[in-house]
$ cat start14.txt   # compact mmCIF, C-alpha atoms
# COMPACT_ATOMS: atom_id res chain seq x y z
CA MET A 11 25.28 -12.50 9.91
CA ILE A 12 23.19 -9.33 10.12
CA PRO A 13 21.64 -9.03 13.60
CA VAL A 14 17.89 -8.60 13.94
CA LEU A 15 16.43 -6.26 16.55
CA LEU A 16 12.89 -6.93 17.82
CA THR A 17 11.16 -4.01 19.53
CA ARG A 18 7.54 -5.09 20.04
CA PRO A 19 6.23 -5.87 23.55
CA ALA A 20 7.94 -8.88 25.12
CA PRO A 21 5.37 -11.64 24.40
CA ALA A 22 5.11 -10.71 20.70
CA SER A 23 8.88 -10.28 20.36
CA ARG A 24 9.60 -13.66 21.96
CA ARG A 25 7.15 -15.31 19.57
CA THR A 26 8.80 -13.59 16.62
CA GLU A 27 12.23 -14.56 17.92
CA ALA A 28 11.23 -18.23 17.86
CA GLU A 29 9.87 -17.88 14.32
CA LEU A 30 13.06 -16.18 13.14
CA ARG A 31 15.30 -18.81 14.67
CA ALA A 32 13.26 -21.51 12.95
CA MET A 33 13.60 -19.59 9.69
CA LEU A 34 17.23 -18.41 9.89
CA GLY A 35 18.86 -20.89 12.26
CA SER A 36 19.17 -21.19 16.01
CA ASP A 37 22.50 -19.33 16.08
CA TRP A 38 21.25 -16.23 14.23
CA PRO A 39 21.83 -13.05 16.30
CA VAL A 40 18.33 -11.98 17.33
CA HIS A 41 18.07 -9.31 20.02
CA VAL A 42 14.84 -8.67 21.92
CA SER A 43 14.51 -5.15 23.29
CA PRO A 44 10.86 -4.11 23.70
CA LEU A 45 10.30 -0.40 23.26
CA THR A 46 6.66 -0.73 24.30
CA ARG A 47 5.03 -2.10 27.44
CA ILE A 48 1.35 -3.10 27.48
CA VAL A 49 -0.70 -1.94 30.46
CA PRO A 50 -4.10 -3.73 30.72
CA LEU A 51 -7.07 -1.53 31.61
CA SER A 52 -10.47 -2.50 33.01
CA PRO A 53 -12.99 0.10 31.85
CA ARG A 54 -16.74 -0.38 32.24
CA VAL A 55 -18.20 -1.61 28.95
CA GLY A 56 -21.85 -2.23 29.78
CA GLY A 57 -23.90 -4.77 27.85
CA GLY A 58 -26.22 -5.18 24.91
CA TRP A 59 -23.48 -5.64 22.30
CA GLY A 60 -24.27 -7.59 19.15
CA THR A 61 -20.68 -7.97 17.93
CA ILE A 62 -17.22 -7.36 19.36
CA VAL A 63 -14.29 -6.24 17.19
CA VAL A 64 -10.72 -6.93 18.28
CA THR A 65 -7.76 -5.68 16.29
CA SER A 66 -4.88 -7.13 18.32
CA ALA A 67 -4.06 -10.01 20.61
CA ASN A 68 -3.99 -7.50 23.47
CA GLY A 69 -7.56 -6.52 22.66
CA ALA A 70 -8.54 -10.18 22.53
CA ALA A 71 -6.93 -10.74 25.93
CA ALA A 72 -9.28 -8.12 27.38
CA LEU A 73 -12.43 -10.08 26.45
CA GLY A 74 -12.46 -12.17 29.59
CA ARG A 75 -11.01 -9.46 31.82
CA LEU A 76 -13.87 -7.10 30.98
CA GLY A 77 -16.53 -9.69 31.78
CA LEU A 78 -18.05 -9.74 28.31
CA ASP A 79 -20.56 -12.45 27.40
CA PRO A 80 -18.75 -15.24 25.50
CA ARG A 81 -21.89 -15.79 23.44
CA ILE A 82 -21.26 -12.50 21.64
CA PRO A 83 -19.62 -13.15 18.25
CA VAL A 84 -16.15 -11.70 17.81
CA VAL A 85 -14.60 -10.51 14.56
CA ALA A 86 -10.86 -9.99 14.40
CA VAL A 87 -8.03 -8.50 12.39
CA GLY A 88 -5.75 -11.36 11.42
CA GLU A 89 -5.93 -15.04 12.24
CA ARG A 90 -3.58 -14.73 15.22
CA THR A 91 -5.93 -12.23 16.89
CA ALA A 92 -8.91 -14.46 16.13
CA GLU A 93 -7.12 -17.40 17.73
CA ALA A 94 -6.35 -15.30 20.82
CA ALA A 95 -10.08 -14.53 21.11
CA ARG A 96 -10.91 -18.24 20.81
CA GLN A 97 -8.45 -19.01 23.58
CA ALA A 98 -10.36 -16.50 25.71
CA GLY A 99 -13.51 -18.59 25.17
CA PHE A 100 -15.19 -16.59 22.40
CA ALA A 101 -16.32 -17.72 18.96
CA ALA A 102 -14.19 -15.58 16.66
CA ARG A 103 -13.44 -15.31 12.99
CA MET A 104 -11.05 -13.20 10.96
CA ARG A 105 -12.74 -10.60 8.77
CA GLY A 106 -9.69 -8.77 7.40
CA PRO A 107 -5.89 -8.65 7.44
CA ASP A 108 -5.85 -5.09 8.81
CA ALA A 109 -8.19 -2.52 10.33
CA ALA A 110 -9.16 -0.99 6.99
CA GLY A 111 -9.92 -4.39 5.49
CA LEU A 112 -12.02 -5.39 8.49
CA ALA A 113 -14.03 -2.17 8.30
CA ARG A 114 -14.71 -2.73 4.61
CA ALA A 115 -15.81 -6.31 5.28
CA LEU A 116 -18.21 -5.24 8.04
CA ILE A 117 -19.71 -2.49 5.91
CA ALA A 118 -20.22 -4.89 3.01
CA ASP A 119 -21.75 -7.55 5.27
CA PRO A 120 -23.02 -5.84 8.44
CA PRO A 121 -22.82 -7.88 11.65
CA PRO A 122 -25.37 -7.85 14.48
CA GLY A 123 -25.18 -4.52 16.23
CA PRO A 124 -24.36 -2.52 18.13
CA VAL A 125 -20.64 -3.15 17.66
CA LEU A 126 -18.01 -2.78 20.39
CA HIS A 127 -14.39 -2.23 19.33
CA LEU A 128 -11.80 -3.10 21.99
CA ARG A 129 -8.59 -1.26 21.16
CA GLY A 130 -5.40 0.20 22.58
CA ALA A 131 -4.77 3.84 23.35
CA GLU A 132 -2.47 3.93 20.33
CA GLY A 133 -3.80 2.56 17.09
CA ALA A 134 -3.92 3.22 13.38
CA GLY A 135 -7.26 3.89 11.77
CA ASP A 136 -10.70 4.67 13.16
CA ILE A 137 -12.87 1.59 12.88
CA ALA A 138 -15.66 2.98 15.07
CA GLY A 139 -15.83 6.23 13.12
CA THR A 140 -15.72 4.43 9.78
CA LEU A 141 -18.56 2.09 10.76
CA ARG A 142 -20.67 4.90 12.17
CA ALA A 143 -20.20 6.91 8.98
CA ALA A 144 -21.57 3.91 7.09
CA GLY A 145 -24.62 3.76 9.35
CA LEU A 146 -23.47 0.94 11.66
CA PRO A 147 -23.70 1.66 15.40
CA CYS A 148 -20.27 1.20 16.93
CA GLU A 149 -18.53 2.32 20.10
CA GLU A 150 -14.88 1.92 21.05
CA VAL A 151 -13.37 1.20 24.44
CA ILE A 152 -9.70 1.59 25.33
CA ALA A 153 -8.83 -1.79 26.83
CA TYR A 154 -5.09 -1.25 27.23
CA ARG A 155 -2.50 1.43 26.85
CA GLN A 156 1.00 1.33 25.43
CA GLU A 157 3.88 2.86 27.39
CA ASP A 158 7.51 3.45 26.48
CA ALA A 159 9.94 0.78 27.61
CA VAL A 160 13.67 1.32 28.18
CA PRO A 161 15.84 -0.23 25.45
CA THR A 162 18.48 -2.74 26.49
CA ASP A 163 22.16 -1.83 26.50
CA ALA A 164 22.67 -4.43 23.76
CA ALA A 165 20.08 -2.74 21.55
CA LEU A 166 21.63 0.69 22.06
CA SER A 167 25.06 -0.72 21.25
CA LEU A 168 23.78 -2.29 18.03
CA LEU A 169 22.12 0.95 16.94
CA ALA A 170 25.22 3.00 17.76
CA GLY A 171 27.56 0.79 15.76
CA GLY A 172 28.63 0.87 12.16
CA ALA A 173 27.29 -2.53 11.08
CA PRO A 174 23.82 -3.03 9.55
CA VAL A 175 20.91 -3.93 11.81
CA ALA A 176 17.64 -5.43 10.53
CA VAL A 177 14.39 -4.37 12.21
CA PRO A 178 10.81 -5.46 11.53
CA LEU A 179 8.35 -2.67 12.35
CA TYR A 180 4.70 -3.47 12.89
CA SER A 181 3.10 -0.10 13.65
CA PRO A 182 3.68 3.63 13.15
CA ALA A 183 4.01 3.99 16.92
CA SER A 184 6.78 1.40 17.11
CA ALA A 185 8.58 3.14 14.26
CA ARG A 186 8.36 6.47 16.11
CA ARG A 187 9.74 4.90 19.28
CA LEU A 188 12.69 3.47 17.38
CA ALA A 189 13.31 6.79 15.62
CA ALA A 190 13.59 8.52 19.01
CA LEU A 191 16.73 6.51 19.84
CA PRO A 192 20.28 7.50 18.84
CA ILE A 193 20.95 5.59 15.62
CA ARG A 194 24.19 5.45 13.64
CA ALA A 195 23.93 1.92 12.26
CA PRO A 196 22.62 1.36 8.74
CA LEU A 197 19.06 0.10 9.19
CA LEU A 198 17.42 -2.60 7.10
CA VAL A 199 13.72 -2.13 7.78
CA ALA A 200 10.83 -4.44 6.96
CA ALA A 201 7.57 -2.52 7.47
CA LEU A 202 4.17 -4.13 7.93
CA SER A 203 2.35 -1.51 5.86
CA PRO A 204 2.86 1.69 3.86
CA ALA A 205 1.74 3.69 6.92
CA VAL A 206 4.55 2.14 8.97
CA ALA A 207 7.03 2.65 6.13
CA SER A 208 6.11 6.34 5.93
CA VAL A 209 7.20 6.85 9.55
CA ALA A 210 10.26 4.62 9.20
CA ALA A 211 11.46 6.59 6.17
CA ALA A 212 12.31 9.51 8.48
CA MET A 213 15.17 7.40 9.86
CA ALA A 214 16.72 7.23 6.36
CA PRO A 215 17.21 3.45 6.48
CA GLU A 216 19.70 1.88 4.11
CA ARG A 217 16.89 -0.35 2.86
CA LEU A 218 13.16 -0.14 3.45
CA VAL A 219 10.73 -2.78 2.22
CA VAL A 220 6.99 -3.22 2.81
CA ALA A 221 5.27 -6.55 3.37
CA SER A 222 3.06 -7.54 0.46
CA GLU A 223 0.26 -8.21 2.95
CA PRO A 224 -0.12 -6.78 6.48
CA ALA A 225 0.51 -10.07 8.29
CA GLY A 226 3.34 -11.48 10.35
CA ALA A 227 4.34 -14.19 7.88
CA PHE A 228 4.77 -11.63 5.12
CA ILE A 229 6.88 -9.18 7.12
CA LEU A 230 9.18 -12.02 8.19
CA ARG A 231 9.49 -13.10 4.57
CA GLU A 232 10.72 -9.60 3.69
CA LEU A 233 13.06 -9.58 6.68
CA ARG A 234 14.55 -12.87 5.61
CA ALA A 235 15.30 -11.42 2.16
CA LEU A 236 17.01 -8.44 3.81
CA VAL A 237 19.41 -10.43 5.95
CA LEU A 238 20.25 -13.36 3.71
CA PRO A 239 22.65 -12.91 0.77

$ encode --input "start14.txt" --output "structure tokens"
Amino acid sequence: MIPVLLTRPAPASRRTEAELRAMLGSDWPVHVSPLTRIVPLSPRVGGGWGTIVVTSANGAAALGRLGLDPRIPVVAVGERTAEAARQAGFAARMRGPDAAGLARALIADPPPGPVLHLRGAEGAGDIAGTLRAAGLPCEEVIAYRQEDAVPTDAALSLLAGGAPVAVPLYSPASARRLAALPIRAPLLVAALSPAVASVAAAMAPERLVVASEPAGAFILRELRALVLP
């Protein structure tokens, strides 16, 4: 069996681990070694917002922490992020599978403004800039930052070996963190998007596939095809 290495922050990796074991079997070798740690921030955000945009579950988790009014409608990237916002007590709906899709949806059907985008210090795309360029007032607030985490000894051993290792990669930043490690093993990479694949390609993986849609179910479908004969 080809081992799978999960490198996202611990909560997301543990969730993915459970999904993989349900998909591949409880005895499949799945190794969790977060390369990123999430640090919540509590910036001042003021008031008067007409709509809040969240593009990750970590952004959704900041809704309550920042004292925002739960009557403000929330739009989210992906259904999982929307559900995280609902769990925080906000009425939320998905408006796109990724940041670019959400921006297009908001430009085509403008929400009440001004718009507040809660995001991490690292992130692909510029939703606030895209909306402003289209004439929609939008400000962004950094609600959390991502820091490097130390890989486990088991992860380093896997990457230093001669046997293939499968890795799902969900962001360009996570691909860069993986690429910074010493790697000798043949990598089988499932990338969430072409942007992630572009960074992952620098590691010269043995196989590199891109999810047909930028969502968790689709990247796991590609990963399953990589590890099963």

$ closest_residue --input "start14.txt" --among "A:Leu218, A:Ala28, A:Ala143, A:Cys148" --to "A:Glu232" --atoms "all atoms listed in the file"
A:Leu218

$ closest_residue --input "start14.txt" --among "A:Ala235, A:Ala118, A:Ile193, A:Leu168" --to "A:Val42" --atoms "only C-alpha atoms"
A:Leu168

$ closest_residue --input "start14.txt" --among "A:Pro161, A:Gly145, A:Pro21, A:Pro80" --to "A:Ile48" --atoms "all atoms listed in the file"
A:Pro21

$ closest_residue --input "start14.txt" --among "A:Phe228, A:Tyr180, A:Phe100, A:Trp59" --to "A:Thr46" --atoms "all atoms listed in the file"
A:Tyr180

$ atom_distance --input "start14.txt" --atom1 "atom CA of A:Asp158" --atom2 "atom CA of A:Leu128"
20.9 Å

$ closest_residue --input "start14.txt" --among "A:Pro174, A:Gly139, A:Pro44, A:Pro182" --to "A:Ile117" --atoms "only C-alpha atoms"
A:Gly139

$ residues_near_point --input "start14.txt" --point "(-19.1, -4.7, 16.4)" --cutoff "7 Å" --atoms "all atoms listed in the file" --output "count of residues only"
11

$ residues_around --input "start14.txt" --residues "A:Arg18" --least-positions-apart "4" --cutoff "10 Å" --atoms "only C-alpha atoms" --output "number ranges by chain"
A: 22-24, 26, 42-48, 159, 178-181, 184

$ write_last_selection --input "start14.txt" --atoms "C-alpha atoms" --output "tab-separated table (two decimals), in the frame of the given file"
chain	number	residue	atom	x	y	z
A	22	ALA	CA	5.11	-10.71	20.70
A	23	SER	CA	8.88	-10.28	20.36
A	24	ARG	CA	9.60	-13.66	21.96
A	26	THR	CA	8.80	-13.59	16.62
A	42	VAL	CA	14.84	-8.67	21.92
A	43	SER	CA	14.51	-5.15	23.29
A	44	PRO	CA	10.86	-4.11	23.70
A	45	LEU	CA	10.30	-0.40	23.26
A	46	THR	CA	6.66	-0.73	24.30
A	47	ARG	CA	5.03	-2.10	27.44
A	48	ILE	CA	1.35	-3.10	27.48
A	159	ALA	CA	9.94	0.78	27.61
A	178	PRO	CA	10.81	-5.46	11.53
A	179	LEU	CA	8.35	-2.67	12.35
A	180	TYR	CA	4.70	-3.47	12.89
A	181	SER	CA	3.10	-0.10	13.65
A	184	SER	CA	6.78	1.40	17.11

$ residues_around --input "start14.txt" --residues "A:Ala214" --least-positions-apart "3" --cutoff "9 Å" --atoms "only C-alpha atoms" --output "PyMOL selection string"
chain A and resi 196-197+210-211+217-218

$ atom_distance --input "start14.txt" --atom1 "atom CA of A:Ala101" --atom2 "atom CA of A:Ile229"
27.4 Å

$ residues_around --input "start14.txt" --residues "A:Gly99" --least-positions-apart "4" --cutoff "10 Å" --atoms "all atoms listed in the file" --output "MDAnalysis selection string"
chainID A and resid 73:74 79:81 93:95

$ atom_distance --input "start14.txt" --atom1 "atom CA of A:His41" --atom2 "atom CA of A:Ala201"
17.7 Å

$ closest_residue --input "start14.txt" --among "A:Val209, A:Val49, A:Ala70, A:Met33" --to "A:Arg231" --atoms "only C-alpha atoms"
A:Met33

$ residues_around --input "start14.txt" --residues "stretch 84-86 of chain A" --least-positions-apart "4" --cutoff "6 Å" --atoms "only C-alpha atoms" --output "VMD selection string"
chain A and resid 61 to 65 91 to 92 102 to 105

$ residues_around --input "start14.txt" --residues "A:Glu132" --least-positions-apart "2" --cutoff "8 Å" --atoms "all atoms listed in the file" --output "tab-separated table (two decimals) with C-alpha atoms, keeping the file's coordinate frame"
chain	number	residue	atom	x	y	z
A	130	GLY	CA	-5.40	0.20	22.58
A	134	ALA	CA	-3.92	3.22	13.38
A	155	ARG	CA	-2.50	1.43	26.85
A	156	GLN	CA	1.00	1.33	25.43
A	183	ALA	CA	4.01	3.99	16.92

$ decode --input "start14.txt" --residues "stretch 137-149 of chain A" --atoms "all heavy atoms" --output "compact mmCIF listing (two decimals), in the first residue's frame"
# COMPACT_ATOMS: atom_id res chain seq x y z
N ILE A 137 -9.34 38.92 -3.52
CA ILE A 137 -10.78 39.15 -3.63
C ILE A 137 -11.11 40.63 -3.43
O ILE A 137 -11.87 41.22 -4.21
CB ILE A 137 -11.54 38.29 -2.61
CG1 ILE A 137 -11.51 36.81 -3.06
CG2 ILE A 137 -12.98 38.75 -2.45
CD1 ILE A 137 -12.19 35.87 -2.10
N ALA A 138 -10.52 41.26 -2.41
CA ALA A 138 -10.84 42.66 -2.14
C ALA A 138 -10.46 43.54 -3.33
O ALA A 138 -11.25 44.40 -3.76
CB ALA A 138 -10.12 43.13 -0.88
N GLY A 139 -9.27 43.33 -3.87
CA GLY A 139 -8.85 44.13 -5.02
C GLY A 139 -9.71 43.88 -6.24
O GLY A 139 -10.05 44.82 -6.98
N THR A 140 -10.10 42.63 -6.47
CA THR A 140 -10.94 42.30 -7.62
C THR A 140 -12.32 42.97 -7.49
O THR A 140 -12.84 43.52 -8.47
CB THR A 140 -11.11 40.77 -7.74
OG1 THR A 140 -9.83 40.18 -7.90
CG2 THR A 140 -11.99 40.40 -8.91
N LEU A 141 -12.89 42.92 -6.29
CA LEU A 141 -14.21 43.54 -6.10
C LEU A 141 -14.12 45.06 -6.22
O LEU A 141 -14.99 45.69 -6.83
CB LEU A 141 -14.78 43.14 -4.74
CG LEU A 141 -15.10 41.65 -4.56
CD1 LEU A 141 -15.78 41.43 -3.21
CD2 LEU A 141 -15.97 41.12 -5.68
N ARG A 142 -13.08 45.65 -5.66
CA ARG A 142 -12.94 47.10 -5.77
C ARG A 142 -12.78 47.53 -7.21
O ARG A 142 -13.33 48.56 -7.64
CB ARG A 142 -11.76 47.58 -4.92
CG ARG A 142 -12.04 47.56 -3.41
CD ARG A 142 -11.01 48.38 -2.67
NE ARG A 142 -9.66 47.84 -2.82
CZ ARG A 142 -9.09 47.02 -1.95
NH1 ARG A 142 -9.75 46.62 -0.87
NH2 ARG A 142 -7.86 46.59 -2.14
N ALA A 143 -12.01 46.75 -7.98
CA ALA A 143 -11.83 47.09 -9.39
C ALA A 143 -13.13 47.04 -10.16
O ALA A 143 -13.29 47.72 -11.18
CB ALA A 143 -10.82 46.13 -10.02
N ALA A 144 -14.08 46.23 -9.66
CA ALA A 144 -15.40 46.14 -10.30
C ALA A 144 -16.40 47.14 -9.72
O ALA A 144 -17.57 47.11 -10.08
CB ALA A 144 -15.94 44.72 -10.15
N GLY A 145 -15.93 48.00 -8.83
CA GLY A 145 -16.79 49.03 -8.28
C GLY A 145 -17.51 48.66 -6.99
O GLY A 145 -18.38 49.41 -6.54
N LEU A 146 -17.14 47.51 -6.38
CA LEU A 146 -17.78 47.09 -5.14
C LEU A 146 -16.88 47.42 -3.96
O LEU A 146 -15.72 46.99 -3.93
CB LEU A 146 -18.05 45.58 -5.17
CG LEU A 146 -18.92 45.06 -6.31
CD1 LEU A 146 -19.06 43.54 -6.21
CD2 LEU A 146 -20.28 45.71 -6.28
N PRO A 147 -17.36 48.17 -2.99
CA PRO A 147 -16.51 48.51 -1.84
C PRO A 147 -16.20 47.26 -1.01
O PRO A 147 -17.10 46.54 -0.60
CB PRO A 147 -17.36 49.51 -1.05
CG PRO A 147 -18.77 49.21 -1.45
CD PRO A 147 -18.72 48.74 -2.87
N CYS A 148 -14.92 47.03 -0.80
CA CYS A 148 -14.50 45.84 -0.06
C CYS A 148 -13.19 46.10 0.65
O CYS A 148 -12.28 46.69 0.06
CB CYS A 148 -14.34 44.64 -1.02
SG CYS A 148 -13.90 43.10 -0.18
N GLU A 149 -13.12 45.68 1.90
CA GLU A 149 -11.90 45.76 2.68
C GLU A 149 -11.56 44.36 3.17
O GLU A 149 -12.44 43.53 3.39
CB GLU A 149 -12.06 46.70 3.87
CG GLU A 149 -12.36 48.14 3.48
CD GLU A 149 -11.24 48.81 2.69
OE1 GLU A 149 -10.07 48.40 2.90
OE2 GLU A 149 -11.53 49.71 1.89
